[in-house]
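Participant: Sharing a structure below in structure tokens format, with a few things to ask.
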Amino acid sequence: MRAFKLEEKKQLDFLLVLDLASGRPAHTRAERDLSLAMGNSASERGCYKNMDLQRTKNLACPRCLGALHFTDGEVICQKCTSHYEVRAGIPMLCVNTGFYYGEVPRAEMTSILEDTRERGWQAALWRYWYHKDSEYFINYVSSDLRAAFKFILNKFGQADVLDYGCGLGNLACSLARSFRSVIGVDMVYERAAFTGLRAQQDGLSNVSVLCAGDTDRIPLKDGSVDIVVLNGVLEWIPELRNGDPREQQIRFLKEFWRVLRPGGQIFIGIENRTAYRYFIGHPEDHTRLPFASLLPRRMANAYSNIVRKKPFRNYTYTRWGYASLLHKAAFGRPKFYGMLPTYREIRRIVDFSKPEMRAASLENTSLAKQIRNVALRRMLPSIIHSYGITANRGPVSNPSFIDELAAYVGEELRGGPFVVERVSASAHTPTVQLQIRGATERLMVRLSLTPHVERCLQREHEVLPKVHQAIDDSFRCMIPDPIHAGILNGQFYSIISFLPGVNLGDRTDLITAVLPAFCDFVVHFALKTRQPSASRRDLIRHVATSAKVELLAACREKVRGLQELSDRLDAIVETLIEATPDTPGFACAVHGDFWVGNVLVHSGHVSGVFDWDHFQSYCVPGIDWVDFLASQIRMTNRQAGQNEYVQLFEKLRTNSPQRMLLSHYCWAIGMNDIMLPVLVVLAWLSKTAKEASIPDRFQANEVIQANVINASEYFSRLGQLRTVDEAAMSTKVDQAFVCAASTAAVHARTSKRIPSPLV
């Protein structure tokens with residue numbers, strides 16, 4: 001045991017010094033952090049040095065559009081001789097270099113920026129969260145779904161993009177993974193600097209940043225970029241400028257037309273002036289004034305002056321208003337997409353020009369909704385909250401990436417035309433999913449929004465054939481078929497067969513009814529993949545120790561008091577090992593991420609199980625079923641601040657449906673259900689380690705507190721969890737276990753459901 005603990009400590013020490021963001025040894029990160037801390041020298045100038053020669057030549061004076069000459073400390077216009085500062089590698093091509101606007105006060109943003117240089121941008125956000133607990137700000141900076149619109153753009157993988165109003169780099173960095181280059185422009189130095197450092201730390205050398213935006217000219221030469229992105233920007237353009245707001249917006253749209261190359265494209269993410277929510281009293285998104293956008297402009301202006309003591313200048317429009325605005329700026333005919341629920345956090349994209357997408361945009365889950373949708377489908381383009389608008393410089397428009405991909409699948413892979421029926425995005429795993437239809441079949445195409453998810457999709461494509469081989473025909477129809485995986489224009493995609501049904505995570509009212517069916521599925525899967533295990537204790541030790549090390553490494557930047565957490569996890573792992581008899585047992589394959597959001601139901605039956613990227617062919621039986629029941633608690637009746645596995649553990653003491661379902665599972669696979677407490681604790685440890693280790697995901701402080709801190713404290717206080725060893729229950733059993741374990745044992749003897757214990 002001493003030798004084992006020494007080896008375990010070495011493994012922990014090694015993992016704790018890994019750079020989780022890059023997977024490299026910590027000494028390379030330390031070198032990077034040292035260079036970042038050197039201020040204006042090596043690394044900070046890297047924001048500008050990453051701008052290649054061609055993009056440097058595309059910059060222009062924001063006053064006269066003259067050519068610029070770059071030196072170490074400043075930029076000089078060769079036409080009007082204007083001088084501009086270069087601050088920490090960022091050209092300050094603006095008049096008011098001290099302007100600030102942001103989601104957090106300037107002092108706090110300065111602190112975040114300093115932490116970003118020293119620790120990396122993700123660690124800086126976690127550190128900020130410790131003190132301020134600003135969930136909105138963290139979601140704004142880290143949400144991957146804000147960039148889901150990029151798949152409706154054209155020239156995918158080939159275009160140079162201008163992200164005007166880049167903020168803190170969320171969109172700029174995502175766009176940089178899909179296009180040739182990105183120029184991020186923001187009026188606030190701190191935001192531009194954070195974007196530059198973020199891109200640099202993420203290894204995105206094709207991102208460059210400018211501080212600009214308060215002059216009449218965009219500091220780019222004519223025809224410099226292929227795509228302009230205005231995400232939540234157009235309505236703010238008149239805010240700092242005098243004159244009629246609409247005229248100011250048209251003038252700036254003409255500027256964007258100027259910097260676009262022939263055939264270039266503009267994308268505008270913005271609210272709809274006549275959104276349904278405004279009619280029922282929801283405050284207007286920019287002024288927070290109810291009904292303000294619905295009023296005539298003069299009345300809205302007077303209303304704002306009275307209530308806000310400032311004029312109403314954040315003009316939004318209807319579809320026809322946006323079309324007129326773009327026409328005045330010489331753009332071609334625009335195309336409108338619905339962004340649901342908003343363009344800030346996209347869950348679904350609806351192309352209003354395609355009847356099949358409009359028809360599939362609304363759920364028909366009840367008769368009342370079917371009747372409602374007859375009228376709503378026609379009204380949806382006019383009352384939706386947010387638009388995604390694309391328009392071209394010129395009459396010819398290239399197909400979007402999703403249309404290009406559907407055509408490729410039809411022509412190259414399936415031998416017939418395909419159309420896109422539905423575009424949706426998943427919040428749990430940052431993916432965009434396309435439901436495409438041909439003459440005889442439907443397919444599901446999935447596109448990754450992050451490098452981590454791309455690796456997950458690749459792995460799932462590899463393991464799905466193994467899953468199909470492991471189960472019988474009666475359940476095989478619930479597993480998607482891997483059709484094809486590849487890369488188009490630099491974007492990885494994975495195609496699987498279409499499975500009908502609705503996501504159970506969206507229909508929590510159906511969970512209880514389908515629990516028996518899911519129990520049958522996991523029992524079948526365990527029996528079909530059952531394999532002998534030399535020692536059940538060694539199997540528990542391996543899974544628990546690996547999960548503990550993974551969780552500690554993931555929590556290195558996310559929790560304070562890491563040593564205290566490490567001590568708790570040591571106690572939990574030791575308890576699990578001691579509670580497991582050192583006798584032969586068995587293992588089986590597990591889904592690895594079995595929760596209600598990864599399953600489909602159709603007509604009251606289970607129709608699909610997907611997201612198999614965490615599949616393991618050799619693991620502890622019962623982990624999947626515990627995960628599923630815990631997720632059912634989380635989705636239906638989780639108590640505030642309490643972890644769902646803790647709640648499930650407490651339900652083992654009673655005759656709850658969850659305990660009975662777990663007992664049934666154990667009986668069906670030949671496992672003694674006195675092992676249930678061990679399985680619940682082990683499932684919590686494994687699941688929490690996986691969730692915390694996802695590099696692209698930020699979890700709220702309260703989630704970390706409930707799932708890691710509170711749960712580890714609860715489970716570490718349980719003491720010995722020792723179970724039966726083929727003879728009788730030990731006297732060392734924790735009292736919390738005695739109630740559940742004794743009840744289960746009596747029930748087993750009286751009903752004679754369970755033979756002699758196998759585990």
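Residues are named by chain letter and number: chains run A, B, ... in the order of the structure tokens, numbers start at 1 in each chain, and ligands are numbered from 1 in the order shown.
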DSSP on the backbone: what in segment 520-666 of chain A comes out strand (DSSP E or B), as a ChimeraX atom specification?
Facilitator: /A:531-533,585-590,599-602,605-609,616-619
Participant: For the residues in the current selection, export all heavy atoms as a short mmCIF file (atom, residue, chain, number, x, y, z; two decimals), in the first residue's frame.
Facilitator:
data_model
loop_
_atom_site.label_atom_id
_atom_site.label_comp_id
_atom_site.auth_asym_id
_atom_site.auth_seq_id
_atom_site.Cartn_x
_atom_site.Cartn_y
_atom_site.Cartn_z
N GLN A 531 -17.31 -8.60 -18.75
CA GLN A 531 -15.99 -9.22 -18.85
C GLN A 531 -15.50 -9.54 -17.44
O GLN A 531 -15.78 -8.80 -16.50
CB GLN A 531 -14.99 -8.26 -19.50
CG GLN A 531 -15.45 -7.68 -20.83
CD GLN A 531 -14.66 -6.44 -21.18
OE1 GLN A 531 -13.44 -6.51 -21.34
NE2 GLN A 531 -15.33 -5.30 -21.31
N PRO A 532 -14.77 -10.66 -17.26
CA PRO A 532 -14.27 -10.99 -15.92
C PRO A 532 -13.21 -9.99 -15.47
O PRO A 532 -12.45 -9.45 -16.26
CB PRO A 532 -13.67 -12.39 -16.11
CG PRO A 532 -13.35 -12.47 -17.57
CD PRO A 532 -14.39 -11.66 -18.27
N SER A 533 -13.19 -9.75 -14.17
CA SER A 533 -12.20 -8.87 -13.57
C SER A 533 -11.45 -9.66 -12.50
O SER A 533 -12.08 -10.30 -11.64
CB SER A 533 -12.87 -7.65 -12.94
OG SER A 533 -11.94 -6.88 -12.21
N GLY A 585 -14.48 -10.29 -9.63
CA GLY A 585 -15.76 -9.70 -10.02
C GLY A 585 -15.87 -9.63 -11.52
O GLY A 585 -15.38 -10.50 -12.23
N PHE A 586 -16.49 -8.58 -12.01
CA PHE A 586 -16.59 -8.41 -13.47
C PHE A 586 -16.68 -6.93 -13.79
O PHE A 586 -16.98 -6.09 -12.93
CB PHE A 586 -17.79 -9.17 -14.04
CG PHE A 586 -19.13 -8.66 -13.57
CD1 PHE A 586 -19.83 -7.70 -14.29
CD2 PHE A 586 -19.70 -9.15 -12.40
CE1 PHE A 586 -21.05 -7.23 -13.87
CE2 PHE A 586 -20.93 -8.69 -11.97
CZ PHE A 586 -21.62 -7.73 -12.71
N ALA A 587 -16.39 -6.62 -15.03
CA ALA A 587 -16.47 -5.25 -15.54
C ALA A 587 -17.37 -5.28 -16.77
O ALA A 587 -17.78 -6.34 -17.24
CB ALA A 587 -15.08 -4.73 -15.90
N CYS A 588 -17.69 -4.10 -17.30
CA CYS A 588 -18.50 -4.02 -18.52
C CYS A 588 -18.20 -2.69 -19.21
O CYS A 588 -17.51 -1.83 -18.66
CB CYS A 588 -19.99 -4.15 -18.20
SG CYS A 588 -20.68 -2.74 -17.32
N ALA A 589 -18.73 -2.53 -20.40
CA ALA A 589 -18.60 -1.27 -21.13
C ALA A 589 -19.60 -0.26 -20.60
O ALA A 589 -20.68 -0.62 -20.11
CB ALA A 589 -18.81 -1.50 -22.62
N VAL A 590 -19.26 1.02 -20.67
CA VAL A 590 -20.16 2.08 -20.22
C VAL A 590 -20.19 3.19 -21.27
O VAL A 590 -19.22 3.40 -22.02
CB VAL A 590 -19.72 2.66 -18.86
CG1 VAL A 590 -19.82 1.61 -17.77
CG2 VAL A 590 -18.32 3.25 -18.92
N VAL A 599 -30.16 11.59 -24.56
CA VAL A 599 -31.10 10.57 -25.03
C VAL A 599 -32.29 11.25 -25.69
O VAL A 599 -32.61 12.42 -25.44
CB VAL A 599 -31.58 9.67 -23.87
CG1 VAL A 599 -30.43 8.88 -23.29
CG2 VAL A 599 -32.25 10.49 -22.79
N LEU A 600 -32.95 10.50 -26.55
CA LEU A 600 -34.13 10.97 -27.27
C LEU A 600 -35.32 10.09 -26.92
O LEU A 600 -35.17 8.88 -26.70
CB LEU A 600 -33.90 10.93 -28.78
CG LEU A 600 -32.74 11.75 -29.35
CD1 LEU A 600 -32.56 11.45 -30.84
CD2 LEU A 600 -32.99 13.24 -29.15
N VAL A 601 -36.50 10.69 -26.90
CA VAL A 601 -37.74 9.94 -26.74
C VAL A 601 -38.68 10.30 -27.88
O VAL A 601 -38.71 11.45 -28.35
CB VAL A 601 -38.41 10.22 -25.38
CG1 VAL A 601 -37.59 9.66 -24.25
CG2 VAL A 601 -38.64 11.71 -25.17
N HIS A 602 -39.43 9.30 -28.34
CA HIS A 602 -40.35 9.51 -29.45
C HIS A 602 -41.59 8.66 -29.21
O HIS A 602 -41.50 7.45 -29.01
CB HIS A 602 -39.68 9.10 -30.77
CG HIS A 602 -40.54 9.31 -31.99
ND1 HIS A 602 -40.95 10.56 -32.39
CD2 HIS A 602 -41.07 8.43 -32.88
CE1 HIS A 602 -41.67 10.44 -33.50
NE2 HIS A 602 -41.76 9.16 -33.80
N HIS A 605 -41.51 6.44 -26.20
CA HIS A 605 -40.52 5.38 -26.14
C HIS A 605 -39.13 5.97 -26.32
O HIS A 605 -38.94 7.03 -26.92
CB HIS A 605 -40.77 4.32 -27.23
CG HIS A 605 -42.13 3.69 -27.14
ND1 HIS A 605 -42.45 2.77 -26.17
CD2 HIS A 605 -43.24 3.85 -27.90
CE1 HIS A 605 -43.70 2.38 -26.33
NE2 HIS A 605 -44.21 3.02 -27.38
N VAL A 606 -38.13 5.26 -25.82
CA VAL A 606 -36.74 5.66 -26.02
C VAL A 606 -36.36 5.42 -27.48
O VAL A 606 -36.52 4.31 -28.00
CB VAL A 606 -35.81 4.86 -25.10
CG1 VAL A 606 -34.36 5.30 -25.30
CG2 VAL A 606 -36.22 5.02 -23.65
N SER A 607 -35.88 6.45 -28.15
CA SER A 607 -35.57 6.32 -29.57
C SER A 607 -34.10 6.52 -29.90
O SER A 607 -33.68 6.20 -31.02
CB SER A 607 -36.39 7.34 -30.38
OG SER A 607 -36.10 8.67 -29.96
N GLY A 608 -33.30 7.02 -28.97
CA GLY A 608 -31.91 7.24 -29.31
C GLY A 608 -31.03 7.54 -28.11
O GLY A 608 -31.47 8.15 -27.13
N VAL A 609 -29.78 7.10 -28.20
CA VAL A 609 -28.74 7.42 -27.23
C VAL A 609 -27.53 7.88 -28.04
O VAL A 609 -27.04 7.13 -28.89
CB VAL A 609 -28.38 6.20 -26.35
CG1 VAL A 609 -27.29 6.59 -25.35
CG2 VAL A 609 -29.60 5.65 -25.63
N GLN A 616 -16.28 3.72 -22.69
CA GLN A 616 -15.19 2.91 -22.14
C GLN A 616 -15.59 1.44 -22.25
O GLN A 616 -16.70 1.06 -21.88
CB GLN A 616 -14.93 3.25 -20.68
CG GLN A 616 -14.37 4.64 -20.45
CD GLN A 616 -14.25 4.95 -18.97
OE1 GLN A 616 -15.14 5.54 -18.38
NE2 GLN A 616 -13.14 4.54 -18.38
N SER A 617 -14.70 0.62 -22.74
CA SER A 617 -15.02 -0.79 -22.94
C SER A 617 -14.82 -1.62 -21.67
O SER A 617 -15.28 -2.76 -21.60
CB SER A 617 -14.15 -1.37 -24.07
OG SER A 617 -12.77 -1.24 -23.75
N TYR A 618 -14.15 -1.05 -20.66
CA TYR A 618 -13.84 -1.82 -19.44
C TYR A 618 -13.96 -0.88 -18.25
O TYR A 618 -13.08 -0.06 -18.00
CB TYR A 618 -12.43 -2.40 -19.54
CG TYR A 618 -12.08 -3.41 -18.47
CD1 TYR A 618 -12.41 -4.76 -18.62
CD2 TYR A 618 -11.42 -3.02 -17.31
CE1 TYR A 618 -12.09 -5.69 -17.66
CE2 TYR A 618 -11.08 -3.95 -16.33
CZ TYR A 618 -11.42 -5.28 -16.51
OH TYR A 618 -11.10 -6.22 -15.55
N CYS A 619 -15.06 -0.99 -17.51
CA CYS A 619 -15.27 -0.08 -16.39
C CYS A 619 -16.17 -0.76 -15.35
O CYS A 619 -16.61 -1.90 -15.54
CB CYS A 619 -15.91 1.23 -16.87
SG CYS A 619 -15.82 2.57 -15.64
#
Participant: Among the residues of segment 66-196 of chain A, find those DSSP assigns to alpha helix (DSSP H) from the backbone and print them as a ChimeraX atom specification.
Facilitator: /A:106-119,121-132,135-142,170-176,189-196
Participant: Rank A:Ile540, A:Val225, A:Met339, A:Ala554 by their smallest atom-to-atom distance to Thr583 of chain A, using only C-alpha atoms, and report the top residue only.
Facilitator: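 The shortest atom-to-atom distance to Thr583 of chain A comes from A:Ile540.
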Participant: Give one line per residue of segment 319-348 of chain A that approaches segment 373-396 of chain A to at most 6 Å, naming the two atoms of the closest pair and their distance in Å to one decimal, counting only C-alpha atoms; sort by chain then ascending residue number and deliver it as CSV.
Facilitator:
residue,atom,partner,partner_atom,distance
A:Phe331,CA,A:Arg393,CA,5.2
A:Gly332,CA,A:Pro395,CA,5.2
A:Pro334,CA,A:Ala391,CA,4.4
A:Lys335,CA,A:Thr390,CA,5.3
A:Phe336,CA,A:Ile389,CA,4.8
A:Tyr337,CA,A:Gly388,CA,4.9
A:Gly338,CA,A:Tyr387,CA,5.0
A:Met339,CA,A:Ser386,CA,5.4
A:Thr342,CA,A:Ser386,CA,5.2
A:Tyr343,CA,A:Ser386,CA,5.8
Participant: Would you write out those residues with N, CA and C atoms, as an mmCIF file, in the first residue's frame?
Facilitator:
data_model
loop_
_atom_site.group_PDB
_atom_site.id
_atom_site.type_symbol
_atom_site.label_atom_id
_atom_site.label_comp_id
_atom_site.auth_asym_id
_atom_site.auth_seq_id
_atom_site.Cartn_x
_atom_site.Cartn_y
_atom_site.Cartn_z
ATOM 1 N N PHE A 331 -25.649 47.860 -50.419
ATOM 2 C CA PHE A 331 -25.519 46.413 -50.335
ATOM 3 C C PHE A 331 -26.607 45.740 -51.161
ATOM 4 N N GLY A 332 -26.327 44.486 -51.538
ATOM 5 C CA GLY A 332 -27.307 43.711 -52.263
ATOM 6 C C GLY A 332 -28.456 43.270 -51.364
ATOM 7 N N PRO A 334 -30.570 41.616 -48.775
ATOM 8 C CA PRO A 334 -30.149 40.884 -47.570
ATOM 9 C C PRO A 334 -30.896 39.572 -47.400
ATOM 10 N N LYS A 335 -30.306 38.687 -46.629
ATOM 11 C CA LYS A 335 -30.923 37.425 -46.262
ATOM 12 C C LYS A 335 -31.084 37.402 -44.747
ATOM 13 N N PHE A 336 -32.270 37.016 -44.287
ATOM 14 C CA PHE A 336 -32.584 37.076 -42.865
ATOM 15 C C PHE A 336 -32.653 35.680 -42.265
ATOM 16 N N TYR A 337 -32.003 35.564 -41.119
ATOM 17 C CA TYR A 337 -32.048 34.343 -40.326
ATOM 18 C C TYR A 337 -32.618 34.688 -38.952
ATOM 19 N N GLY A 338 -33.408 33.774 -38.412
ATOM 20 C CA GLY A 338 -33.853 33.930 -37.046
ATOM 21 C C GLY A 338 -32.846 33.311 -36.100
ATOM 22 N N MET A 339 -32.478 34.042 -35.056
ATOM 23 C CA MET A 339 -31.543 33.550 -34.045
ATOM 24 C C MET A 339 -32.324 33.313 -32.753
ATOM 25 N N THR A 342 -31.727 34.296 -28.778
ATOM 26 C CA THR A 342 -31.193 35.594 -29.176
ATOM 27 C C THR A 342 -29.884 35.363 -29.923
ATOM 28 N N TYR A 343 -29.389 36.401 -30.582
ATOM 29 C CA TYR A 343 -28.111 36.277 -31.276
ATOM 30 C C TYR A 343 -26.943 36.201 -30.294
#
Participant: Rounded to one decimal place, report the atom CA of Met444 of chain A-atom CA of Lys690 of chain A distance in Å.
Facilitator: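 Here the two named atoms are 25.7 Å from each other.
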Participant: Please provide as an MDAnalysis selection string all residues within 10 Å of segment 496-500 of chain A, with the sequence filter that same-chain residues fewer than 6 positions apart are discarded (counting only C-alpha atoms).
Facilitator: chainID A and resid 435:437 441:446 461 464 477:485 600:603 606:610
Participant: Give me the residues of segment 186-231 of chain A that have any atom at most 12 Å from an atom of segment 108-132 of chain A; for each, the nearest atom pair and the distance in Å, rounded to one decimal. Use only C-alpha atoms, sort by chain and number, and format it as a tab-separated table.
Facilitator:
residue	atom	partner	partner_atom	distance
A:Val188	CA	A:Met109	CA	10.8
A:Tyr189	CA	A:Thr110	CA	10.0
A:Glu190	CA	A:Thr110	CA	6.8
A:Arg191	CA	A:Met109	CA	8.3
A:Ala192	CA	A:Leu113	CA	10.4
A:Ala193	CA	A:Leu113	CA	7.7
A:Phe194	CA	A:Leu113	CA	6.2
A:Thr195	CA	A:Trp121	CA	9.4
A:Gly196	CA	A:Trp121	CA	10.5
A:Leu197	CA	A:Arg117	CA	7.3
A:Arg198	CA	A:Trp121	CA	6.0
A:Ala199	CA	A:Trp121	CA	9.6
A:Gln200	CA	A:Gly120	CA	9.9
A:Gln201	CA	A:Gly120	CA	6.9
A:Asp202	CA	A:Trp121	CA	9.3
Participant: Go ahead and write the selection's residues with N, CA, C and O atoms as a PDB file, in the first residue's frame.
Facilitator:
ATOM      1  N   VAL A 188     -12.078  50.316 -26.969  1.00  0.00           N
ATOM      2  CA  VAL A 188     -11.535  50.263 -25.614  1.00  0.00           C
ATOM      3  C   VAL A 188     -10.220  49.490 -25.637  1.00  0.00           C
ATOM      4  O   VAL A 188     -10.185  48.325 -26.060  1.00  0.00           O
ATOM      5  N   TYR A 189      -9.154  50.127 -25.155  1.00  0.00           N
ATOM      6  CA  TYR A 189      -7.842  49.488 -25.179  1.00  0.00           C
ATOM      7  C   TYR A 189      -7.843  48.182 -24.398  1.00  0.00           C
ATOM      8  O   TYR A 189      -7.298  47.174 -24.845  1.00  0.00           O
ATOM      9  N   GLU A 190      -8.426  48.189 -23.194  1.00  0.00           N
ATOM     10  CA  GLU A 190      -8.388  46.996 -22.347  1.00  0.00           C
ATOM     11  C   GLU A 190      -9.036  45.804 -23.034  1.00  0.00           C
ATOM     12  O   GLU A 190      -8.557  44.668 -22.907  1.00  0.00           O
ATOM     13  N   ARG A 191     -10.102  46.038 -23.745  1.00  0.00           N
ATOM     14  CA  ARG A 191     -10.789  44.942 -24.439  1.00  0.00           C
ATOM     15  C   ARG A 191      -9.957  44.440 -25.614  1.00  0.00           C
ATOM     16  O   ARG A 191      -9.824  43.230 -25.846  1.00  0.00           O
ATOM     17  N   ALA A 192      -9.394  45.374 -26.381  1.00  0.00           N
ATOM     18  CA  ALA A 192      -8.537  44.983 -27.505  1.00  0.00           C
ATOM     19  C   ALA A 192      -7.308  44.225 -27.010  1.00  0.00           C
ATOM     20  O   ALA A 192      -6.901  43.215 -27.604  1.00  0.00           O
ATOM     21  N   ALA A 193      -6.713  44.695 -25.901  1.00  0.00           N
ATOM     22  CA  ALA A 193      -5.529  44.023 -25.364  1.00  0.00           C
ATOM     23  C   ALA A 193      -5.865  42.615 -24.894  1.00  0.00           C
ATOM     24  O   ALA A 193      -5.093  41.672 -25.107  1.00  0.00           O
ATOM     25  N   PHE A 194      -7.013  42.455 -24.230  1.00  0.00           N
ATOM     26  CA  PHE A 194      -7.421  41.125 -23.774  1.00  0.00           C
ATOM     27  C   PHE A 194      -7.623  40.191 -24.968  1.00  0.00           C
ATOM     28  O   PHE A 194      -7.199  39.025 -24.942  1.00  0.00           O
ATOM     29  N   THR A 195      -8.240  40.708 -26.034  1.00  0.00           N
ATOM     30  CA  THR A 195      -8.435  39.892 -27.237  1.00  0.00           C
ATOM     31  C   THR A 195      -7.106  39.444 -27.818  1.00  0.00           C
ATOM     32  O   THR A 195      -6.932  38.282 -28.202  1.00  0.00           O
ATOM     33  N   GLY A 196      -6.140  40.370 -27.895  1.00  0.00           N
ATOM     34  CA  GLY A 196      -4.838  40.010 -28.440  1.00  0.00           C
ATOM     35  C   GLY A 196      -4.133  38.958 -27.606  1.00  0.00           C
ATOM     36  O   GLY A 196      -3.578  37.991 -28.141  1.00  0.00           O
ATOM     37  N   LEU A 197      -4.150  39.118 -26.287  1.00  0.00           N
ATOM     38  CA  LEU A 197      -3.506  38.137 -25.410  1.00  0.00           C
ATOM     39  C   LEU A 197      -4.231  36.793 -25.460  1.00  0.00           C
ATOM     40  O   LEU A 197      -3.603  35.736 -25.449  1.00  0.00           O
ATOM     41  N   ARG A 198      -5.535  36.844 -25.494  1.00  0.00           N
ATOM     42  CA  ARG A 198      -6.317  35.604 -25.555  1.00  0.00           C
ATOM     43  C   ARG A 198      -5.985  34.816 -26.810  1.00  0.00           C
ATOM     44  O   ARG A 198      -5.773  33.599 -26.760  1.00  0.00           O
ATOM     45  N   ALA A 199      -5.949  35.500 -27.941  1.00  0.00           N
ATOM     46  CA  ALA A 199      -5.617  34.819 -29.194  1.00  0.00           C
ATOM     47  C   ALA A 199      -4.206  34.265 -29.147  1.00  0.00           C
ATOM     48  O   ALA A 199      -3.934  33.141 -29.587  1.00  0.00           O
ATOM     49  N   GLN A 200      -3.290  35.051 -28.621  1.00  0.00           N
ATOM     50  CA  GLN A 200      -1.901  34.627 -28.529  1.00  0.00           C
ATOM     51  C   GLN A 200      -1.764  33.387 -27.646  1.00  0.00           C
ATOM     52  O   GLN A 200      -1.076  32.423 -27.994  1.00  0.00           O
ATOM     53  N   GLN A 201      -2.434  33.381 -26.499  1.00  0.00           N
ATOM     54  CA  GLN A 201      -2.348  32.249 -25.578  1.00  0.00           C
ATOM     55  C   GLN A 201      -3.052  31.009 -26.113  1.00  0.00           C
ATOM     56  O   GLN A 201      -2.717  29.891 -25.731  1.00  0.00           O
ATOM     57  N   ASP A 202      -4.030  31.205 -27.005  1.00  0.00           N
ATOM     58  CA  ASP A 202      -4.706  30.074 -27.644  1.00  0.00           C
ATOM     59  C   ASP A 202      -3.988  29.593 -28.898  1.00  0.00           C
ATOM     60  O   ASP A 202      -4.472  28.689 -29.580  1.00  0.00           O
TER      61      ASP A 202
END
